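Containing PDB, C-alpha atoms: data.pdb.
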ATOM      1  CA  MET L  44    -171.469 101.211 188.445
ATOM      2  CA  PRO L  45    -174.681 103.129 189.221
ATOM      3  CA  ASP L  46    -174.819 104.613 192.711
ATOM      4  CA  LEU L  47    -177.843 104.994 194.988
ATOM      5  CA  ILE L  48    -178.628 108.435 193.592
ATOM      6  CA  ASP L  49    -178.782 106.928 190.082
ATOM      7  CA  HIS L  50    -181.252 104.323 191.309
ATOM      8  CA  ALA L  51    -183.310 106.953 193.144
ATOM      9  CA  ALA L  52    -183.324 109.164 190.044
ATOM     10  CA  SER L  53    -184.568 106.365 187.788
ATOM     11  CA  VAL L  54    -187.385 105.493 190.200
ATOM     12  CA  ALA L  55    -188.404 109.138 190.634
ATOM     13  CA  LEU L  56    -188.435 109.698 186.884
ATOM     14  CA  ALA L  57    -190.495 106.561 186.277
ATOM     15  CA  GLU L  58    -193.052 107.545 188.912
ATOM     16  CA  GLU L  59    -193.277 111.253 188.106
ATOM     17  CA  GLN L  60    -193.038 110.777 184.302
ATOM     18  CA  HIS L  61    -191.716 114.321 184.099
ATOM     19  CA  PHE L  62    -188.168 115.677 184.394
ATOM     20  CA  GLY L  63    -189.157 118.809 186.294
ATOM     21  CA  ARG L  64    -191.246 117.012 188.919
ATOM     22  CA  ALA L  65    -188.660 114.268 189.319
ATOM     23  CA  ALA L  66    -185.864 116.803 189.773
ATOM     24  CA  LYS L  67    -187.892 118.716 192.378
ATOM     25  CA  ARG L  68    -188.586 115.483 194.246
ATOM     26  CA  LEU L  69    -184.864 114.662 194.264
ATOM     27  CA  GLY L  70    -183.874 118.189 195.278
ATOM     28  CA  ILE L  71    -181.682 118.782 192.224
ATOM     29  CA  SER L  72    -181.971 120.902 189.106
ATOM     30  CA  GLN L  73    -183.551 119.572 185.927
ATOM     31  CA  PRO L  74    -180.277 119.929 183.936
ATOM     32  CA  ALA L  75    -178.485 117.931 186.648
ATOM     33  CA  LEU L  76    -181.076 115.151 186.372
ATOM     34  CA  THR L  77    -180.803 115.133 182.579
ATOM     35  CA  SER L  78    -177.023 114.922 182.797
ATOM     36  CA  ARG L  79    -177.194 112.123 185.371
ATOM     37  CA  LEU L  80    -179.584 110.112 183.223
ATOM     38  CA  ARG L  81    -177.329 110.546 180.200
ATOM     39  CA  ARG L  82    -174.341 109.203 182.147
ATOM     40  CA  LEU L  83    -176.417 106.366 183.572
ATOM     41  CA  GLU L  84    -177.639 105.238 180.155
ATOM     42  CA  ALA L  85    -174.062 105.321 178.877
ATOM     43  CA  ALA L  86    -172.874 103.208 181.814
ATOM     44  CA  VAL L  87    -175.698 100.694 181.420
ATOM     45  CA  GLY L  88    -175.381 100.599 177.642
ATOM     46  CA  ALA L  89    -179.108 100.920 177.021
ATOM     47  CA  ARG L  90    -181.717 103.627 176.583
ATOM     48  CA  LEU L  91    -183.778 103.625 179.765
ATOM     49  CA  PHE L  92    -186.425 106.275 179.027
ATOM     50  CA  GLU L  93    -188.332 107.537 176.004
ATOM     51  CA  ARG L  94    -189.085 111.267 175.897
ATOM     52  CA  SER L  95    -192.183 112.681 174.228
ATOM     53  CA  ARG L  96    -194.491 115.658 174.491
ATOM     54  CA  SER L  97    -196.760 113.693 176.796
ATOM     55  CA  GLY L  98    -193.972 112.930 179.259
ATOM     56  CA  VAL L  99    -191.303 110.362 180.004
ATOM     57  CA  ARG L 100    -191.836 106.602 179.870
ATOM     58  CA  PRO L 101    -189.423 103.745 180.691
ATOM     59  CA  THR L 102    -188.271 101.562 177.823
ATOM     60  CA  PRO L 103    -188.358  97.771 178.349
ATOM     61  CA  ALA L 104    -184.708  98.022 179.423
ATOM     62  CA  GLY L 105    -185.649 100.909 181.701
ATOM     63  CA  ALA L 106    -188.496  98.961 183.300
ATOM     64  CA  ALA L 107    -186.099  96.109 184.107
ATOM     65  CA  PHE L 108    -183.556  98.547 185.534
ATOM     66  CA  ILE L 109    -186.179 100.322 187.656
ATOM     67  CA  GLU L 110    -187.373  97.037 189.153
ATOM     68  CA  GLY L 111    -183.804  96.368 190.237
ATOM     69  CA  SER L 112    -183.451  99.942 191.471
ATOM     70  CA  ARG L 113    -186.429  99.555 193.772
ATOM     71  CA  ARG L 114    -184.914  96.395 195.255
ATOM     72  CA  THR L 115    -181.569  98.194 195.669
ATOM     73  CA  LEU L 116    -183.181 101.127 197.474
ATOM     74  CA  ASP L 117    -185.216  98.786 199.676
ATOM     75  CA  ALA L 118    -182.053  96.884 200.575
ATOM     76  CA  ALA L 119    -180.260 100.137 201.420
ATOM     77  CA  ASP L 120    -183.128 101.218 203.672
ATOM     78  CA  ALA L 121    -183.161  97.782 205.309
ATOM     79  CA  SER L 122    -179.432  98.059 206.016
ATOM     80  CA  VAL L 123    -179.946 101.364 207.799
ATOM     81  CA  GLU L 124    -182.873  99.978 209.803
ATOM     82  CA  ALA L 125    -180.852  96.878 210.737
ATOM     83  CA  ALA L 126    -177.939  98.998 211.942
ATOM     84  CA  ARG L 127    -180.228 101.193 214.055
ATOM     85  CA  ALA L 128    -182.003  98.141 215.462
ATOM     86  CA  ALA L 129    -178.672  96.530 216.384
ATOM     87  CA  GLN L 130    -177.621  99.775 218.068
ATOM     88  CA  ASP L 131    -180.830  99.640 220.126
ATOM     89  CA  GLY L 132    -180.311  95.992 221.031
ATOM     90  CA  PHE L 133    -182.913  94.468 218.690
ATOM     91  CA  GLY L 134    -182.442  91.501 216.382
ATOM     92  CA  GLU L 135    -182.882  90.858 212.679
ATOM     93  CA  MET L 136    -186.070  91.759 210.800
ATOM     94  CA  LEU L 137    -188.186  89.034 209.195
ATOM     95  CA  ARG L 138    -190.756  90.266 206.662
ATOM     96  CA  VAL L 139    -193.787  87.980 206.593
ATOM     97  CA  GLY L 140    -196.558  88.010 204.009
ATOM     98  CA  PHE L 141    -199.959  86.407 204.570
ATOM     99  CA  THR L 142    -203.443  85.963 203.191
ATOM    100  CA  GLN L 143    -206.590  86.530 205.219
ATOM    101  CA  ILE L 144    -207.236  82.792 205.256
ATOM    102  CA  ALA L 145    -203.737  81.946 206.461
ATOM    103  CA  ALA L 146    -203.985  84.571 209.198
ATOM    104  CA  HIS L 147    -207.087  82.848 210.548
ATOM    105  CA  GLN L 148    -205.853  79.284 210.062
ATOM    106  CA  VAL L 149    -202.196  78.882 210.907
ATOM    107  CA  MET L 150    -200.216  81.977 211.755
ATOM    108  CA  ALA L 151    -200.813  82.636 215.458
ATOM    109  CA  PRO L 152    -199.377  79.374 216.874
ATOM    110  CA  ILE L 153    -196.446  79.474 214.460
ATOM    111  CA  LEU L 154    -195.593  83.080 215.302
ATOM    112  CA  ASN L 155    -196.005  82.241 218.980
ATOM    113  CA  GLN L 156    -193.420  79.461 218.590
ATOM    114  CA  PHE L 157    -191.132  81.740 216.541
ATOM    115  CA  ARG L 158    -191.311  84.468 219.194
ATOM    116  CA  ALA L 159    -190.321  82.025 221.931
ATOM    117  CA  ALA L 160    -187.247  80.964 219.936
ATOM    118  CA  ASN L 161    -186.362  84.499 218.750
ATOM    119  CA  PRO L 162    -187.336  86.997 221.460
ATOM    120  CA  ASP L 163    -185.225  89.795 219.963
ATOM    121  CA  ALA L 164    -186.275  89.330 216.347
ATOM    122  CA  ARG L 165    -188.407  91.987 214.672
ATOM    123  CA  LEU L 166    -191.399  91.091 212.493
ATOM    124  CA  SER L 167    -193.109  93.025 209.716
ATOM    125  CA  LEU L 168    -196.430  91.617 208.459
ATOM    126  CA  SER L 169    -197.902  92.398 205.031
ATOM    127  CA  GLU L 170    -201.294  91.181 203.787
ATOM    128  CA  GLY L 171    -201.847  90.226 200.152
ATOM    129  CA  THR L 172    -203.268  87.652 197.765
ATOM    130  CA  SER L 173    -201.321  84.497 196.988
ATOM    131  CA  ALA L 174    -200.356  85.920 193.595
ATOM    132  CA  SER L 175    -199.080  89.211 195.001
ATOM    133  CA  LEU L 176    -197.252  87.460 197.841
ATOM    134  CA  GLU L 177    -195.564  85.102 195.390
ATOM    135  CA  ARG L 178    -194.369  88.122 193.398
ATOM    136  CA  ASP L 179    -193.135  89.841 196.570
ATOM    137  CA  LEU L 180    -191.253  86.702 197.572
ATOM    138  CA  GLU L 181    -189.661  86.454 194.161
ATOM    139  CA  ILE L 182    -188.393  90.041 194.122
ATOM    140  CA  GLY L 183    -187.338  89.940 197.760
ATOM    141  CA  THR L 184    -189.654  92.459 199.401
ATOM    142  CA  ILE L 185    -190.822  89.776 201.854
ATOM    143  CA  ASP L 186    -188.897  86.812 203.271
ATOM    144  CA  VAL L 187    -191.565  84.178 203.892
ATOM    145  CA  ALA L 188    -195.260  84.005 203.051
ATOM    146  CA  PHE L 189    -198.267  82.088 204.334
ATOM    147  CA  LEU L 190    -200.262  81.556 201.157
ATOM    148  CA  HIS L 191    -202.046  79.030 198.953
ATOM    149  CA  PRO L 192    -200.166  77.038 196.302
ATOM    150  CA  PRO L 193    -199.258  76.220 193.633
ATOM    151  CA  LEU L 194    -196.296  78.574 193.297
ATOM    152  CA  HIS L 195    -195.127  79.191 189.752
ATOM    153  CA  ALA L 196    -192.037  81.379 190.129
ATOM    154  CA  THR L 197    -188.698  79.641 189.848
ATOM    155  CA  GLY L 198    -186.494  79.768 192.909
ATOM    156  CA  LEU L 199    -189.366  79.481 195.387
ATOM    157  CA  HIS L 200    -190.159  76.538 197.620
ATOM    158  CA  SER L 201    -193.237  75.795 199.710
ATOM    159  CA  ARG L 202    -194.325  73.390 202.426
ATOM    160  CA  GLU L 203    -197.923  72.377 203.012
ATOM    161  CA  LEU L 204    -199.232  73.214 206.465
ATOM    162  CA  LEU L 205    -202.981  72.627 206.297
ATOM    163  CA  ARG L 206    -205.676  71.361 203.924
ATOM    164  CA  VAL L 207    -209.256  72.486 204.615
ATOM    165  CA  ASP L 208    -212.588  71.872 202.877
ATOM    166  CA  LEU L 209    -214.253  74.684 200.959
ATOM    167  CA  GLU L 210    -217.969  75.295 201.378
ATOM    168  CA  CYS L 211    -220.597  77.461 199.725
ATOM    169  CA  ARG L 212    -221.988  79.869 202.297
ATOM    170  CA  PHE L 213    -225.253  81.691 201.545
ATOM    171  CA  LEU L 214    -225.683  85.104 203.167
ATOM    172  CA  HIS L 215    -228.660  86.419 201.161
ATOM    173  CA  GLN L 216    -231.770  84.585 199.932
ATOM    174  CA  GLU L 217    -231.559  86.112 196.447
ATOM    175  CA  GLY L 218    -228.054  84.765 195.943
ATOM    176  CA  ARG L 219    -228.975  81.085 196.243
ATOM    177  CA  ASP L 220    -229.572  80.606 192.503
ATOM    178  CA  ARG L 221    -226.492  82.475 191.350
ATOM    179  CA  PRO L 222    -222.995  81.118 190.670
ATOM    180  CA  PRO L 223    -220.489  81.036 193.533
ATOM    181  CA  ILE L 224    -218.507  84.258 193.810
ATOM    182  CA  GLY L 225    -215.143  83.745 192.185
ATOM    183  CA  ALA L 226    -211.729  85.332 192.290
ATOM    184  CA  PRO L 227    -209.826  87.252 189.594
ATOM    185  CA  ARG L 228    -208.778  84.466 187.233
ATOM    186  CA  HIS L 229    -205.255  85.804 186.722
ATOM    187  CA  LYS L 230    -204.745  85.717 190.496
ATOM    188  CA  ALA L 231    -206.267  82.301 191.162
ATOM    189  CA  PRO L 232    -206.408  80.235 187.929
ATOM    190  CA  VAL L 233    -206.393  76.855 189.684
ATOM    191  CA  LEU L 234    -209.159  77.827 192.109
ATOM    192  CA  MET L 235    -211.255  79.328 189.327
ATOM    193  CA  GLY L 236    -211.003  76.149 187.276
ATOM    194  CA  GLU L 237    -212.444  74.316 190.275
ATOM    195  CA  VAL L 238    -215.149  76.975 190.691
ATOM    196  CA  ASP L 239    -216.179  76.487 187.046
ATOM    197  CA  ARG L 240    -216.547  72.747 187.576
ATOM    198  CA  LEU L 241    -218.399  73.325 190.836
ATOM    199  CA  TRP L 242    -220.926  75.661 189.196
ATOM    200  CA  ASN L 243    -221.521  73.194 186.377
ATOM    201  CA  ARG L 244    -222.195  70.515 188.975
ATOM    202  CA  LEU L 245    -224.493  72.645 191.159
ATOM    203  CA  ALA L 246    -226.694  74.335 188.575
ATOM    204  CA  LEU L 247    -226.432  73.057 185.011
ATOM    205  CA  ASP L 248    -229.799  74.536 184.024
ATOM    206  CA  ALA L 249    -229.498  77.881 185.814
ATOM    207  CA  PRO L 250    -229.743  81.044 183.735
ATOM    208  CA  PRO L 251    -226.464  82.773 182.956
ATOM    209  CA  ALA L 252    -225.275  85.367 185.451
ATOM    210  CA  PRO L 253    -222.541  87.983 185.146
ATOM    211  CA  PRO L 254    -219.233  86.909 186.697
ATOM    212  CA  ILE L 255    -218.769  88.348 190.161
ATOM    213  CA  GLU L 256    -215.404  88.165 191.883
ATOM    214  CA  ALA L 257    -213.390  89.230 194.904
ATOM    215  CA  ASP L 258    -209.757  88.573 195.705
ATOM    216  CA  THR L 259    -210.314  88.056 199.456
ATOM    217  CA  LEU L 260    -212.725  85.989 201.509
ATOM    218  CA  ILE L 261    -214.034  89.075 203.274
ATOM    219  CA  GLY L 262    -214.834  90.567 199.877
ATOM    220  CA  SER L 263    -216.700  87.370 198.948
ATOM    221  CA  LEU L 264    -218.706  87.538 202.156
ATOM    222  CA  VAL L 265    -219.668  91.149 201.490
ATOM    223  CA  LEU L 266    -220.824  90.308 197.951
ATOM    224  CA  SER L 267    -222.736  87.268 199.168
ATOM    225  CA  SER L 268    -224.498  89.349 201.828
ATOM    226  CA  ALA L 269    -225.586  91.712 199.036
ATOM    227  CA  GLY L 270    -227.205  88.858 197.114
ATOM    228  CA  TYR L 271    -224.551  88.312 194.440
ATOM    229  CA  GLY L 272    -224.159  84.577 195.095
ATOM    230  CA  ALA L 273    -222.657  82.077 197.471
ATOM    231  CA  ALA L 274    -219.351  82.889 199.121
ATOM    232  CA  LEU L 275    -216.806  80.128 198.604
ATOM    233  CA  VAL L 276    -215.285  79.944 202.083
ATOM    234  CA  VAL L 277    -212.945  77.636 203.966
ATOM    235  CA  ALA L 278    -214.756  75.696 206.661
ATOM    236  CA  GLY L 279    -214.493  77.443 210.009
ATOM    237  CA  PHE L 280    -213.761  80.885 208.581
ATOM    238  CA  PRO L 281    -215.826  83.529 210.430
ATOM    239  CA  SER L 282    -218.693  85.332 208.704
ATOM    240  CA  PHE L 283    -217.832  88.643 210.419
ATOM    241  CA  GLY L 284    -221.357  89.311 211.645
ATOM    242  CA  PHE L 285    -223.163  88.345 208.447
ATOM    243  CA  ASP L 286    -226.014  85.870 208.972
ATOM    244  CA  ASP L 287    -226.349  82.676 206.942
ATOM    245  CA  VAL L 288    -229.736  82.216 205.284
ATOM    246  CA  ALA L 289    -229.174  78.503 204.630
ATOM    247  CA  ALA L 290    -226.869  75.743 205.776
ATOM    248  CA  PRO L 291    -223.490  75.743 203.987
ATOM    249  CA  GLU L 292    -223.166  73.287 201.115
ATOM    250  CA  GLU L 293    -220.192  71.006 200.657
ATOM    251  CA  THR L 294    -218.233  71.562 197.466
ATOM    252  CA  GLY L 295    -215.834  68.625 197.372
ATOM    253  CA  LEU L 296    -213.024  71.168 197.011
ATOM    254  CA  THR L 297    -210.152  71.802 199.393
ATOM    255  CA  LEU L 298    -207.764  74.693 199.902
ATOM    256  CA  VAL L 299    -204.140  74.140 200.854
ATOM    257  CA  THR L 300    -202.284  76.649 203.017
ATOM    258  CA  SER L 301    -198.490  76.570 202.829
ATOM    259  CA  ILE L 302    -195.450  78.537 203.870
ATOM    260  CA  GLY L 303    -193.303  79.747 200.992
ATOM    261  CA  TRP L 304    -189.743  81.050 200.905
ATOM    262  CA  ARG L 305    -186.860  81.612 198.506
ATOM    263  CA  ARG L 306    -184.948  78.388 197.959
ATOM    264  CA  LEU L 307    -181.574  80.108 198.234
ATOM    265  CA  ASP L 308    -182.412  82.096 201.364
ATOM    266  CA  ARG L 309    -180.554  80.106 204.014
ATOM    267  CA  ARG L 310    -180.486  82.739 206.736
ATOM    268  CA  PRO L 311    -180.956  81.388 210.267
ATOM    269  CA  ILE L 312    -184.005  83.602 210.854
ATOM    270  CA  VAL L 313    -185.825  82.030 207.875
ATOM    271  CA  LYS L 314    -184.812  78.547 209.028
ATOM    272  CA  SER L 315    -186.154  79.401 212.482
ATOM    273  CA  MET L 316    -189.570  80.245 211.015
ATOM    274  CA  LEU L 317    -189.622  76.909 209.193
ATOM    275  CA  LEU L 318    -188.631  75.151 212.413
ATOM    276  CA  ALA L 319    -191.503  76.918 214.166
ATOM    277  CA  CYS L 320    -193.866  75.387 211.602
ATOM    278  CA  ASP L 321    -192.327  71.965 212.270
ATOM    279  CA  SER L 322    -192.642  72.387 216.035
ATOM    280  CA  VAL L 323    -196.347  73.216 215.871
ATOM    281  CA  GLU L 324    -197.042  70.252 213.591
ATOM    282  CA  LYS L 325    -194.933  67.781 215.592
ATOM    283  CA  ALA L 326    -196.581  68.857 218.831
ATOM    284  CA  GLY L 327    -199.924  67.894 217.311
ATOM    285  CA  SER L 328    -201.250  71.363 218.068
ATOM    286  CA  SER L 329    -204.297  72.461 216.145
ATOM    287  CA  PHE L 330    -203.807  75.579 214.094
ATOM    288  CA  GLY L 331    -205.761  78.668 215.049
ATOM    289  CA  PRO L 332    -205.360  81.486 217.594
ATOM    290  CA  ALA L 333    -202.372  81.235 219.885
ATOM    291  CA  PRO L 334    -203.199  80.174 223.441
ATOM    292  CA  ARG L 335    -203.501  82.930 226.056
ATOM    293  CA  ARG L 336    -201.047  82.889 228.935
TER     294      ARG L 336
END
Rewrite the structure from the file as structure tokens, please.
Amino acid sequence: MPDLIDHAASVALAEEQHFGRAAKRLGISQPALTSRLRRLEAAVGARLFERSRSGVRPTPAGAAFIEGSRRTLDAADASVEAARAAQDGFGEMLRVGFTQIAAHQVMAPILNQFRAANPDARLSLSEGTSASLERDLEIGTIDVAFLHPPLHATGLHSRELLRVDLECRFLHQEGRDRPPIGAPRHKAPVLMGEVDRLWNRLALDAPPAPPIEADTLIGSLVLSSAGYGAALVVAGFPSFGFDDVAAPEETGLTLVTSIGWRRLDRRPIVKSMLLACDSVEKAGSSFGPAPRR
């Protein structure tokens, strides 16, 4: 079976794309790295890298192995951190992903409830888009995520927390006759289908305009303030100092915010986060910033 050094060597070689640089990074000689890779490929039963004059590239089998290697190395690092935290009297780590929208809408009261139930637990927060957070959930680099469905990866489950109207917000006069600012279609295909229908409804006779997109609401607000079009924003989301030049327009669209997790992850700390969501909802508390005490 490959050991941790084998996994580290494969990742270094994939990232450096050069035997000499990878060997230097690992602190071993180039012949030692070559010999290790040869033994690793024999043990795996597949060629992991292609060599050429331009460098070293992973094969399809190598790419799959490297993805697993990164997870293995992350898990090893997490084990060390967990042991050190336990030695210092701290609890388990929960890695939480979130979007900008979810951070504004739902996270503070839920994390407040989670903290009360788990005073020794450690949290690590990572911002991303729904697509990137779904990928991180799937490969195990985060444990739960506050994001916007639907989720497509098998093995993931989600629970709806909030549904909010979307509005067109105008931050520059010259953007009023342009299409709403969209999102990268591969990251938000469902939303972009709705944006297409919205634009057809708002301005059937408008001249064509180049597609403008941003993968975060703050990015949309910046583009709108520069005159590129209306920012498609959830109602109540702050404009971060940008001034509206017209009243927001209703779109008839809504955005769902959910919590997602791996279906087979039954650890108590994950269950506790889900219970925190339940507690906030059952208490009838409105989502938003946590109350000051």
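In this model, the gap between CA of Arg219 in chain L and CA of Gly270 in chain L comes to 8.0 Å.
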**Message:** To one decimal place in Å, what is the distance between CA of Pro311 in chain L and CA of Ala159 in chain L?
**Reply:**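 Interatomic distance, CA of Pro311 in chain L to CA of Ala159 in chain L: 15.0 Å.
Compared by their closest atoms to Val288 in chain L, and using only C-alpha atoms, the residues L:His215, L:Arg114, L:Arg100, L:Arg94 rank with L:His215 nearest.
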Target residues per the PyMOL selection byres ((chain L and resi 167-182) around 6), formatted as a compact mmCIF listing (two decimals) with C-alpha atoms, keeping the file's coordinate frame:
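Saved result, selection-v2.txt, follows:
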# COMPACT_ATOMS: atom_id res chain seq x y z
CA ARG L 138 -190.76 90.27 206.66
CA VAL L 139 -193.79 87.98 206.59
CA GLY L 140 -196.56 88.01 204.01
CA PHE L 141 -199.96 86.41 204.57
CA THR L 142 -203.44 85.96 203.19
CA LEU L 166 -191.40 91.09 212.49
CA GLY L 183 -187.34 89.94 197.76
CA THR L 184 -189.65 92.46 199.40
CA ILE L 185 -190.82 89.78 201.85
CA LEU L 190 -200.26 81.56 201.16
CA HIS L 191 -202.05 79.03 198.95
CA LYS L 230 -204.74 85.72 190.50
**Request:** Please write the residues picked by the PyMOL selection byres ((chain L and resi 267) around 9) on this file as a ChimeraX atom specification.
**Result:** /L:212-215,218,223-224,262-266,268-274
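Our summary of the geometry notes that CA of Ala257 in chain L is positioned 5.0 Å from CA of Ala226 in chain L.
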**Request:** Quick one: everything within 12 Å of Glu93 in chain L, counting all atoms listed in the file, minus sequence neighbours fewer than 2 positions away in the same chain. Send it as a ChimeraX atom specification.
**Result:** /L:56-57,60-62,80,84,89-91,95-106
Selected residues written out, C-alpha atoms, as a PDB file, in the coordinates of the input:
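Final output, out26.pdb:
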ATOM      1  CA  LEU L  56    -188.435 109.698 186.884  1.00  0.00           C
ATOM      2  CA  ALA L  57    -190.495 106.561 186.277  1.00  0.00           C
ATOM      3  CA  GLN L  60    -193.038 110.777 184.302  1.00  0.00           C
ATOM      4  CA  HIS L  61    -191.716 114.321 184.099  1.00  0.00           C
ATOM      5  CA  PHE L  62    -188.168 115.677 184.394  1.00  0.00           C
ATOM      6  CA  LEU L  80    -179.584 110.112 183.223  1.00  0.00           C
ATOM      7  CA  GLU L  84    -177.639 105.238 180.155  1.00  0.00           C
ATOM      8  CA  ALA L  89    -179.108 100.920 177.021  1.00  0.00           C
ATOM      9  CA  ARG L  90    -181.717 103.627 176.583  1.00  0.00           C
ATOM     10  CA  LEU L  91    -183.778 103.625 179.765  1.00  0.00           C
ATOM     11  CA  SER L  95    -192.183 112.681 174.228  1.00  0.00           C
ATOM     12  CA  ARG L  96    -194.491 115.658 174.491  1.00  0.00           C
ATOM     13  CA  SER L  97    -196.760 113.693 176.796  1.00  0.00           C
ATOM     14  CA  GLY L  98    -193.972 112.930 179.259  1.00  0.00           C
ATOM     15  CA  VAL L  99    -191.303 110.362 180.004  1.00  0.00           C
ATOM     16  CA  ARG L 100    -191.836 106.602 179.870  1.00  0.00           C
ATOM     17  CA  PRO L 101    -189.423 103.745 180.691  1.00  0.00           C
ATOM     18  CA  THR L 102    -188.271 101.562 177.823  1.00  0.00           C
ATOM     19  CA  PRO L 103    -188.358  97.771 178.349  1.00  0.00           C
ATOM     20  CA  ALA L 104    -184.708  98.022 179.423  1.00  0.00           C
ATOM     21  CA  GLY L 105    -185.649 100.909 181.701  1.00  0.00           C
ATOM     22  CA  ALA L 106    -188.496  98.961 183.300  1.00  0.00           C
TER      23      ALA L 106
END
**Message:** List the spatial neighbours of range 237-239 of chain L as number ranges by chain - criterion: any atom at most 10 Å away, only C-alpha atoms, same-chain residues fewer than 5 positions off excluded.
**Reply:** L: 222-226, 232, 244, 275, 294-297
**Request:** Expand the PyMOL selection byres ((chain L and resi 157) around 12) into the individual residues it matches in the shown file, reporting them as JSON, numbers by chain.
**Result:** {"L": [137, 150, 151, 152, 153, 154, 155, 156, 158, 159, 160, 161, 162, 163, 164, 165, 166, 311, 312, 313, 314, 315, 316, 317, 318, 319, 320, 321, 322, 323, 333]}
